[in-house]
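Shown here: model-v2.cif, mmCIF, C-alpha atoms.
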```cif
data_run
loop_
_atom_site.label_atom_id
_atom_site.label_comp_id
_atom_site.auth_asym_id
_atom_site.auth_seq_id
_atom_site.Cartn_x
_atom_site.Cartn_y
_atom_site.Cartn_z
CA MET G 1 63.97 218.33 99.40
CA LYS G 2 62.70 216.34 102.37
CA VAL G 3 63.75 216.77 106.01
CA ILE G 4 62.78 214.53 108.91
CA LEU G 5 62.48 216.44 112.19
CA ALA G 6 63.22 214.05 115.06
CA THR G 7 62.35 215.30 118.52
CA PRO G 8 61.75 213.75 121.96
CA PHE G 9 58.33 213.78 123.64
CA TYR G 10 56.62 215.24 120.59
CA HIS G 11 53.16 214.26 121.82
CA GLN G 12 53.62 216.23 125.03
CA LEU G 13 53.06 219.97 124.93
CA ARG G 14 56.64 221.03 125.71
CA GLY G 15 58.79 223.90 124.48
CA ASN G 16 60.64 221.63 122.05
CA THR G 17 57.34 220.53 120.54
CA ILE G 18 56.30 224.13 119.89
CA THR G 19 59.72 224.85 118.39
CA VAL G 20 59.57 221.84 116.06
CA GLN G 21 56.01 222.63 114.97
CA ARG G 22 57.00 226.21 114.15
CA ILE G 23 60.09 225.11 112.19
CA ALA G 24 58.11 222.46 110.29
CA ARG G 25 55.49 225.04 109.34
CA GLY G 26 58.16 227.50 108.19
CA LEU G 27 59.96 224.85 106.15
CA ASN G 28 56.71 223.80 104.50
CA GLU G 29 56.07 227.42 103.54
CA ALA G 30 59.54 227.40 101.94
CA ASP G 31 58.52 224.34 99.87
CA ILE G 32 60.51 221.87 101.97
CA GLU G 33 58.76 218.57 102.63
CA THR G 34 58.89 217.63 106.31
CA GLU G 35 57.99 214.69 108.50
CA VAL G 36 58.03 214.95 112.29
CA ILE G 37 58.78 211.85 114.36
CA SER G 38 58.94 211.39 118.11
CA ILE G 39 62.17 209.69 119.14
CA THR G 40 60.95 208.72 122.59
CA GLU G 41 57.39 207.45 122.16
CA GLN G 42 57.87 205.48 118.93
CA THR G 43 61.22 203.78 119.37
CA ASN G 44 59.78 200.27 119.32
CA SER G 45 57.99 200.87 116.02
CA ILE G 46 60.81 202.60 114.11
CA ALA G 47 63.66 200.39 112.96
CA VAL G 48 64.54 202.25 109.77
CA LEU G 49 63.86 205.88 108.94
CA LYS G 50 62.10 206.78 105.72
CA GLU G 51 64.21 208.20 102.92
CA ALA G 52 65.05 211.88 103.37
CA ASP G 53 67.73 214.34 102.31
CA LEU G 54 68.50 215.26 105.92
CA ILE G 55 67.53 214.32 109.46
CA HIS G 56 67.25 217.21 111.90
CA GLY G 57 67.50 215.96 115.48
CA PHE G 58 66.55 217.90 118.62
CA ASN G 59 68.27 217.09 121.94
CA ALA G 60 71.66 215.51 121.29
CA TYR G 61 71.58 212.94 124.08
CA ARG G 62 68.13 211.55 123.29
CA PHE G 63 68.74 211.65 119.54
CA TYR G 64 71.90 209.60 120.04
CA GLN G 65 69.98 207.03 122.09
CA PHE G 66 67.41 206.86 119.32
CA MET G 67 70.09 206.32 116.68
CA LYS G 68 71.36 203.31 118.63
CA THR G 69 67.98 201.59 118.18
CA LEU G 70 67.97 201.80 114.37
CA SER G 71 69.00 198.85 112.26
CA ILE G 72 70.46 201.16 109.59
CA PRO G 73 72.74 203.91 110.98
CA ILE G 74 71.99 207.60 110.36
CA THR G 75 74.89 209.37 108.67
CA LYS G 76 73.30 212.59 107.43
CA TYR G 77 71.93 214.62 110.29
CA THR G 78 72.07 218.04 111.89
CA ILE G 79 71.40 218.55 115.58
CA THR G 80 69.78 221.29 117.65
CA LEU G 81 71.11 221.51 121.19
CA THR G 82 68.43 222.05 123.84
CA GLY G 83 68.67 223.56 127.30
CA THR G 84 68.83 220.07 128.81
CA ASP G 85 71.85 219.25 126.64
CA LEU G 86 73.72 222.41 127.60
CA ASN G 87 72.77 222.74 131.24
CA HIS G 88 72.71 219.10 132.32
CA ASP G 89 73.76 216.37 129.89
CA LEU G 90 76.99 217.99 128.71
CA THR G 91 78.37 217.83 132.27
CA ASN G 92 76.66 214.61 133.34
CA PRO G 93 79.37 211.90 133.45
CA HIS G 94 76.78 209.28 132.44
CA ARG G 95 75.58 211.24 129.39
CA GLN G 96 78.44 213.48 128.32
CA HIS G 97 80.12 210.84 126.15
CA ASP G 98 76.98 210.29 124.06
CA VAL G 99 76.31 214.02 123.67
CA ILE G 100 79.86 214.59 122.40
CA ALA G 101 79.69 211.59 120.07
CA CYS G 102 76.43 212.90 118.63
CA LEU G 103 77.88 216.36 118.00
CA LYS G 104 81.08 215.06 116.41
CA ALA G 105 79.18 212.97 113.88
CA ALA G 106 76.68 215.69 112.99
CA LEU G 107 76.96 217.60 109.73
CA ALA G 108 75.99 220.80 111.54
CA VAL G 109 75.17 221.81 115.11
CA HIS G 110 72.60 224.48 115.96
CA VAL G 111 72.61 226.53 119.16
CA PHE G 112 70.36 229.46 120.07
CA ASP G 113 72.88 232.11 121.14
CA GLU G 114 76.55 233.08 121.37
CA LYS G 115 76.85 232.01 125.02
CA ALA G 116 75.77 228.50 124.09
CA LYS G 117 78.31 228.53 121.25
CA ARG G 118 81.13 229.46 123.63
CA ARG G 119 80.00 226.75 126.03
CA ILE G 120 80.23 224.10 123.29
CA LEU G 121 83.59 225.34 122.03
CA GLU G 122 85.06 225.01 125.52
CA VAL G 123 84.38 221.29 125.26
CA LEU G 124 84.77 220.77 121.48
CA PRO G 125 86.81 223.58 119.88
CA ALA G 126 87.07 221.65 116.59
CA LEU G 127 83.31 221.98 116.16
CA GLU G 128 83.47 225.68 115.30
CA ARG G 129 83.35 225.33 111.53
CA LYS G 130 80.00 223.55 111.66
CA LEU G 131 78.43 225.40 114.59
CA PHE G 132 75.48 227.64 113.71
CA VAL G 133 74.01 230.28 116.04
CA ILE G 134 70.33 230.69 115.12
CA ALA G 135 68.05 232.51 117.54
CA GLN G 136 64.66 230.99 118.22
CA GLY G 137 61.93 232.60 116.18
CA THR G 138 58.37 233.30 117.09
CA ARG G 139 55.38 234.25 115.02
CA SER G 140 53.68 237.50 115.95
CA LEU G 141 50.32 236.91 117.57
CA SER G 142 47.32 238.17 115.63
CA SER G 143 46.65 240.91 118.17
CA LYS G 144 48.54 242.77 120.85
CA ARG G 145 47.69 243.04 124.51
CA SER G 146 45.46 245.91 125.59
CA PRO G 147 47.67 248.42 127.41
CA LYS G 148 45.12 249.20 130.13
CA LYS G 149 43.91 246.96 132.92
CA THR G 150 40.17 246.42 133.04
CA SER G 151 40.03 244.33 136.25
CA ASP G 152 40.95 244.78 139.90
CA VAL G 153 42.60 241.33 139.84
CA PHE G 154 46.34 241.18 139.07
CA HIS G 155 47.04 238.07 137.06
CA PHE G 156 50.42 236.29 136.90
CA LEU G 157 50.77 233.53 134.29
CA LEU G 158 53.31 230.70 134.54
CA PRO G 159 53.40 228.57 131.35
CA ALA G 160 55.61 225.53 131.97
CA GLY G 161 55.56 221.77 131.97
CA ILE G 162 55.53 220.61 135.58
CA ARG G 163 58.95 219.23 136.40
CA GLU G 164 61.52 220.03 139.05
CA VAL G 165 63.75 222.22 136.87
CA LYS G 166 60.85 224.63 136.27
CA ASN G 167 60.77 225.52 139.99
CA ILE G 168 57.02 226.09 140.09
CA PRO G 169 56.71 225.82 143.90
CA PHE G 170 58.96 228.90 144.14
CA ALA G 171 56.39 230.99 142.25
CA ILE G 172 53.51 229.76 144.39
CA GLU G 173 55.29 230.32 147.71
CA SER G 174 56.76 233.71 146.73
CA LEU G 175 53.45 235.09 145.47
CA GLN G 176 51.72 233.75 148.59
CA LYS G 177 53.98 236.06 150.64
CA LEU G 178 53.03 239.00 148.43
CA ARG G 179 49.33 238.29 148.91
CA GLN G 180 49.66 239.42 152.51
CA THR G 181 49.74 242.99 151.20
CA HIS G 182 48.28 242.45 147.72
CA PRO G 183 45.35 240.04 147.99
CA GLU G 184 44.32 240.87 144.41
CA ILE G 185 47.10 238.59 143.09
CA ARG G 186 46.10 235.52 141.09
CA LEU G 187 48.35 232.87 139.53
CA THR G 188 47.53 230.58 136.62
CA ILE G 189 49.82 227.65 135.81
CA VAL G 190 49.57 226.16 132.32
CA GLY G 191 51.37 223.05 131.11
CA PRO G 192 51.41 219.25 131.28
CA VAL G 193 52.62 217.21 134.24
CA ILE G 194 55.95 215.83 133.02
CA GLU G 195 57.31 214.53 136.33
CA LYS G 196 54.65 212.80 138.42
CA LYS G 197 56.30 213.52 141.78
CA GLU G 198 56.62 217.22 141.01
CA GLY G 199 53.05 217.28 139.74
CA GLU G 200 51.82 215.84 143.03
CA LEU G 201 53.85 218.45 144.95
CA VAL G 202 52.40 221.35 142.97
CA LYS G 203 48.85 220.05 143.24
CA GLU G 204 49.27 219.64 147.00
CA LEU G 205 50.55 223.22 147.31
CA ILE G 206 47.48 224.61 145.55
CA ARG G 207 44.90 222.26 147.04
CA ASP G 208 41.80 224.27 148.05
CA SER G 209 43.52 227.47 146.89
CA GLU G 210 41.25 230.31 145.83
CA TRP G 211 43.97 232.28 144.10
CA VAL G 212 46.04 229.67 142.20
CA LYS G 213 44.59 227.79 139.24
CA TYR G 214 46.26 224.91 137.43
CA GLU G 215 44.74 224.58 133.96
CA GLY G 216 46.82 221.63 132.73
CA ALA G 217 48.01 221.34 129.15
CA ILE G 218 46.31 223.79 126.80
CA PRO G 219 46.56 223.44 123.00
CA HIS G 220 49.07 225.91 121.63
CA SER G 221 46.41 227.31 119.31
CA GLU G 222 44.49 228.50 122.41
CA MET G 223 47.41 230.18 124.18
CA GLU G 224 46.72 233.62 122.74
CA GLY G 225 43.54 233.73 124.80
CA VAL G 226 45.50 232.74 127.90
CA TYR G 227 48.05 235.51 127.32
CA SER G 228 45.24 238.03 126.83
CA ARG G 229 44.11 237.50 130.44
CA ALA G 230 47.60 237.92 131.96
CA ASP G 231 49.26 241.01 133.37
CA VAL G 232 52.73 239.46 133.81
CA VAL G 233 54.25 236.23 132.54
CA LEU G 234 56.70 234.33 134.77
CA ASN G 235 59.59 231.97 134.21
CA THR G 236 61.04 230.63 137.47
CA SER G 237 63.20 227.84 135.99
CA HIS G 238 66.52 226.81 137.52
CA SER G 239 67.83 226.51 133.94
CA GLU G 240 66.50 227.11 130.41
CA GLY G 241 67.49 226.88 126.77
CA GLN G 242 65.31 229.59 125.26
CA SER G 243 61.73 229.58 126.48
CA SER G 244 59.17 229.59 123.66
CA ALA G 245 56.55 230.79 126.14
CA ILE G 246 58.61 233.80 127.18
CA LEU G 247 59.27 234.67 123.54
CA GLU G 248 55.56 234.49 122.78
CA ALA G 249 54.64 236.59 125.82
CA MET G 250 57.19 239.22 124.80
CA SER G 251 55.89 239.26 121.21
CA TYR G 252 52.40 239.82 122.61
CA GLY G 253 53.62 242.91 124.48
CA LEU G 254 53.45 241.41 127.97
CA PRO G 255 55.99 242.25 130.67
CA VAL G 256 57.96 239.20 131.82
CA LEU G 257 59.61 238.41 135.14
CA VAL G 258 62.22 235.68 134.80
CA SER G 259 64.83 233.90 136.88
CA LYS G 260 68.49 234.63 136.26
CA ASN G 261 69.71 231.74 134.12
CA LYS G 262 71.59 231.62 130.82
CA GLY G 263 68.59 230.87 128.66
CA ASN G 264 66.46 233.65 130.12
CA LEU G 265 69.34 236.13 129.96
CA SER G 266 69.68 235.41 126.26
CA LEU G 267 66.16 236.85 125.81
CA VAL G 268 65.52 239.30 128.63
CA THR G 269 67.55 242.38 129.53
CA HIS G 270 66.74 243.61 133.04
CA ASN G 271 64.78 246.88 133.14
CA LYS G 272 64.63 246.96 129.34
CA THR G 273 62.74 243.99 127.90
CA GLY G 274 61.60 242.53 131.22
CA LEU G 275 62.73 242.05 134.80
CA VAL G 276 65.28 239.48 135.97
CA TYR G 277 65.50 238.25 139.56
CA GLU G 278 67.84 236.11 141.63
CA GLY G 279 66.35 234.75 144.85
CA VAL G 280 63.05 235.33 146.63
CA GLU G 281 63.76 238.90 147.82
CA GLN G 282 64.52 240.15 144.31
CA PHE G 283 61.50 238.27 142.96
CA ILE G 284 59.20 240.00 145.43
CA THR G 285 60.77 243.40 144.76
CA CYS G 286 60.37 242.99 141.00
CA ALA G 287 56.83 241.63 141.29
CA LEU G 288 55.84 244.62 143.45
CA ARG G 289 57.23 247.05 140.88
CA LEU G 290 55.14 245.40 138.18
CA ILE G 291 51.99 245.34 140.30
CA GLU G 292 52.26 248.96 141.39
CA GLN G 293 53.63 250.63 138.23
CA GLU G 294 51.35 250.36 135.23
CA SER G 295 53.67 252.60 133.21
CA LEU G 296 56.56 250.18 133.82
CA ARG G 297 54.45 247.26 132.56
CA GLN G 298 53.56 249.18 129.42
CA ILE G 299 57.14 250.24 128.68
CA LEU G 300 58.62 246.78 129.28
CA GLY G 301 55.90 245.13 127.20
CA GLN G 302 56.37 247.50 124.28
CA GLN G 303 60.17 247.19 124.35
CA ALA G 304 59.91 243.40 124.60
CA ALA G 305 57.65 243.23 121.55
CA GLU G 306 60.00 245.47 119.56
CA TYR G 307 63.00 243.36 120.55
CA VAL G 308 61.35 240.08 119.53
CA GLU G 309 60.20 241.51 116.19
CA LYS G 310 63.76 242.62 115.43
CA HIS G 311 65.78 239.67 116.73
CA HIS G 312 63.46 236.63 116.81
CA SER G 313 61.60 236.66 113.53
CA ALA G 314 60.34 233.23 112.48
CA THR G 315 61.11 234.17 108.88
CA LEU G 316 64.77 234.90 109.65
CA GLU G 317 64.97 231.70 111.69
CA ILE G 318 63.86 229.59 108.74
CA ALA G 319 66.24 231.37 106.36
CA ALA G 320 69.14 230.62 108.71
CA ILE G 321 68.08 226.98 109.10
CA LEU G 322 67.91 226.58 105.32
CA ASN G 323 71.44 227.97 105.14
CA MET G 324 72.54 225.38 107.71
CA TYR G 325 70.90 222.64 105.63
CA ALA G 326 72.70 223.84 102.50
CA PHE G 327 76.02 223.70 104.38
CA SER G 328 75.20 220.16 105.55
CA LEU G 329 74.26 218.95 102.08
CA ASN G 330 77.46 220.44 100.69
CA LEU G 331 79.48 218.48 103.27
CA LEU G 332 77.64 215.32 102.21
CA LYS G 333 78.42 216.03 98.59
CA LYS G 334 82.10 216.49 99.37
CA GLY G 335 82.13 213.51 101.73
CA ASP G 336 83.74 215.72 104.36
CA ASN G 337 82.43 215.48 107.91
CA SER G 338 85.68 215.39 109.84
CA ASN G 339 86.37 217.51 112.90
CA ASP G 340 89.98 218.24 112.04
#
```

Entire entry expressed as structure tokens:
Amino acid sequence: MKVILATPFYHQLRGNTITVQRIARGLNEADIETEVISITEQTNSIAVLKEADLIHGFNAYRFYQFMKTLSIPITKYTITLTGTDLNHDLTNPHRQHDVIACLKAALAVHVFDEKAKRRILEVLPALERKLFVIAQGTRSLSSKRSPKKTSDVFHFLLPAGIREVKNIPFAIESLQKLRQTHPEIRLTIVGPVIEKKEGELVKELIRDSEWVKYEGAIPHSEMEGVYSRADVVLNTSHSEGQSSAILEAMSYGLPVLVSKNKGNLSLVTHNKTGLVYEGVEQFITCALRLIEQESLRQILGQQAAEYVEKHHSATLEIAAILNMYAFSLNLLKKGDNSND
């Protein structure tokens, strides 16, 4: 069996890229042949897809735009809905039509959690029979974080591509306020510049800063070393699907402090597997608790790691995806892809 994984911006180090790489690796281990293509950077060079049993697209809107460029239509595909689909494109009057058209023609539709499923069914109730809820998986890191601090510096890590939705200036400005009483705070930002204007804004905010470091895009294979130097991992996004970085941090046993959005809430339970904030005052309150209470950091990190191991296994993720593929191939065999 061969599956083509078609994802946007594959050559940029984004969350979707990490997800696709993990799924491709898991499928290969299950003896499924895979080919990964980028549907945004290669559109001028791809007129016809190579032969495959299934196409697995990521990001409904962009996958639909890609399909329009092909000389031979795609009729056998599944689709994974991303945070951008759910939080922006599904309600964008200029994009909604294409997202819905993509979902209706898909053999199966994959979302990460039950809230996303309910969101889709509000718009397309007939989709229920081919809607699959499969939580993002993550592979356990080879080691776990040391439970004891060995430095007087307190290190926050923010792994995110630099674009407006990630709300990176909020982290910088909020932690700057905290430094008035806790000068030991440091912040490291890791990720590519995706939106030039936002990148310029962030770089201007940290110009000549002695406490904020922007390290740019770091190969995923080197991220374990980055996590090992962190005390707390942040996600300050306005909206999310499910953050691969937060999942990885949790699996590593790190406490996480995340903004209150649907994607983050699908991973983090406040005071149990991390801390969740809404607004600058809550952020500062939560950050102070983490700085001042080592026992809280240890408990949250341990509970986060246990939660990820139980609910976000990469092995279970691949098994569920293979089940979705089997369903899709059965529909193809029957010639039944209606939404009635």

- Task: Tell me, as a PyMOL selection string, which residues lie within 8 Å of segment 243-256 of chain G, counting all atoms listed in the file; anything in the same chain fewer than 3 positions away does not count.
- Result: chain G and resi 15+18-19+136+138-141+143-145+159-160+227+230-235+240+263-264+267+273-275+297-298+300-306+308-309

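Our summary of the geometry notes that atom CA of Ile318 of chain G is positioned 18.3 Å from atom CA of Asn330 of chain G.
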
- Task: Would you please work out which residue, of G:Gly241, G:Pro192, G:Gly161, G:Pro93, is nearest to Phe112 of chain G when using all atoms listed in the file?
- Result: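 For Phe112 of chain G, the nearest of the given residues is G:Gly241.
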
So that each row is one residue of segment 53-158 of chain G with an atom at most 12 Å from segment 165-188 of chain G, can you give its shortest atom pair and the distance in Å to one decimal, using all atoms listed in the file, rows by chain and rising number, as CSV?
```
residue,atom,partner,partner_atom,distance
G:Gly83,CA,G:Val165,CA,10.8
G:Thr84,CA,G:Val165,CA,9.8
G:Asn87,CA,G:Val165,CA,10.6
G:His88,CA,G:Val165,CA,10.5
G:Ser151,CA,G:Glu184,CA,9.8
G:Asp152,CA,G:Glu184,CA,6.9
G:Val153,CA,G:Glu184,CA,4.9
G:Phe154,CA,G:Ile185,CA,4.8
G:His155,CA,G:Arg186,CA,4.9
G:Phe156,CA,G:Leu187,CA,4.8
G:Leu157,CA,G:Thr188,CA,5.0
G:Leu158,CA,G:Thr188,CA,6.1
```

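Distance annotation: of G:Ser38, G:Thr78, G:Asn28, G:Gln12, the residue with the minimal separation from Leu329 of chain G is G:Thr78; atom set is only C-alpha atoms.
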
How big is the axis-aligned box around the listed atoms of segment 320-336 of chain G once 3 Å is added on each side, and where is its centre? Give both in Å to one decimal, as lines of an AutoDock Vina configuration file.
```
center_x = 75.8
center_y = 222.1
center_z = 103.8
size_x = 21.8
size_y = 23.1
size_z = 16.5
```

- Message: Give me, as a ChimeraX atom specification, all polymer residues having an atom no more than 7 Å from segment 196-210 of chain G, counting only C-alpha atoms and skipping those fewer than 2 positions away in the same chain.
- Response: /G:162-164,169,193-194,212

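Distances to Ser313 of chain G were evaluated for G:Asp31, G:Arg22, G:Glu281, G:Leu332 using all atoms listed in the file, and the minimum falls at G:Arg22.
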
- Message: For the provided coordinates, the residues matched by the PyMOL selection byres ((chain G and resi 35-37) around 6) should be stated as an MDAnalysis selection string.
- Response: chainID G and resid 4:6 34 38

- Message: Restricting the calculation to only C-alpha atoms: of G:Gly57, G:Gly137, G:Gly191, G:Gly225, which residue gets closest to Leu107 of chain G?
- Response: G:Gly57

- Query: Counting only C-alpha atoms, which of G:Val99, G:Ala320, G:Thr91, G:Ala314 gets nearest to Val133 of chain G?
  - Reply: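 That would be G:Ala320, the residue with the smallest distance to Val133 of chain G.
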
- Residues returned when the PyMOL selection byres ((chain G and resi 85) around 12) runs on this file, as a VMD selection string: chain G and resid 58 to 64 79 to 84 86 to 92 95 to 100 102 to 103 110 to 111 116 119 to 120 239 to 241

Just C-alpha atoms for this one: save the residues we selected as a PDB file, keeping the file's coordinate frame.
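Resulting contents of part.pdb:
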```pdb
ATOM      1  CA  PHE G  58      66.550 217.900 118.620  1.00  0.00           C
ATOM      2  CA  ASN G  59      68.270 217.090 121.940  1.00  0.00           C
ATOM      3  CA  ALA G  60      71.660 215.510 121.290  1.00  0.00           C
ATOM      4  CA  TYR G  61      71.580 212.940 124.080  1.00  0.00           C
ATOM      5  CA  ARG G  62      68.130 211.550 123.290  1.00  0.00           C
ATOM      6  CA  PHE G  63      68.740 211.650 119.540  1.00  0.00           C
ATOM      7  CA  TYR G  64      71.900 209.600 120.040  1.00  0.00           C
ATOM      8  CA  ILE G  79      71.400 218.550 115.580  1.00  0.00           C
ATOM      9  CA  THR G  80      69.780 221.290 117.650  1.00  0.00           C
ATOM     10  CA  LEU G  81      71.110 221.510 121.190  1.00  0.00           C
ATOM     11  CA  THR G  82      68.430 222.050 123.840  1.00  0.00           C
ATOM     12  CA  GLY G  83      68.670 223.560 127.300  1.00  0.00           C
ATOM     13  CA  THR G  84      68.830 220.070 128.810  1.00  0.00           C
ATOM     14  CA  LEU G  86      73.720 222.410 127.600  1.00  0.00           C
ATOM     15  CA  ASN G  87      72.770 222.740 131.240  1.00  0.00           C
ATOM     16  CA  HIS G  88      72.710 219.100 132.320  1.00  0.00           C
ATOM     17  CA  ASP G  89      73.760 216.370 129.890  1.00  0.00           C
ATOM     18  CA  LEU G  90      76.990 217.990 128.710  1.00  0.00           C
ATOM     19  CA  THR G  91      78.370 217.830 132.270  1.00  0.00           C
ATOM     20  CA  ASN G  92      76.660 214.610 133.340  1.00  0.00           C
ATOM     21  CA  ARG G  95      75.580 211.240 129.390  1.00  0.00           C
ATOM     22  CA  GLN G  96      78.440 213.480 128.320  1.00  0.00           C
ATOM     23  CA  HIS G  97      80.120 210.840 126.150  1.00  0.00           C
ATOM     24  CA  ASP G  98      76.980 210.290 124.060  1.00  0.00           C
ATOM     25  CA  VAL G  99      76.310 214.020 123.670  1.00  0.00           C
ATOM     26  CA  ILE G 100      79.860 214.590 122.400  1.00  0.00           C
ATOM     27  CA  CYS G 102      76.430 212.900 118.630  1.00  0.00           C
ATOM     28  CA  LEU G 103      77.880 216.360 118.000  1.00  0.00           C
ATOM     29  CA  HIS G 110      72.600 224.480 115.960  1.00  0.00           C
ATOM     30  CA  VAL G 111      72.610 226.530 119.160  1.00  0.00           C
ATOM     31  CA  ALA G 116      75.770 228.500 124.090  1.00  0.00           C
ATOM     32  CA  ARG G 119      80.000 226.750 126.030  1.00  0.00           C
ATOM     33  CA  ILE G 120      80.230 224.100 123.290  1.00  0.00           C
ATOM     34  CA  SER G 239      67.830 226.510 133.940  1.00  0.00           C
ATOM     35  CA  GLU G 240      66.500 227.110 130.410  1.00  0.00           C
ATOM     36  CA  GLY G 241      67.490 226.880 126.770  1.00  0.00           C
TER      37      GLY G 241
END
```
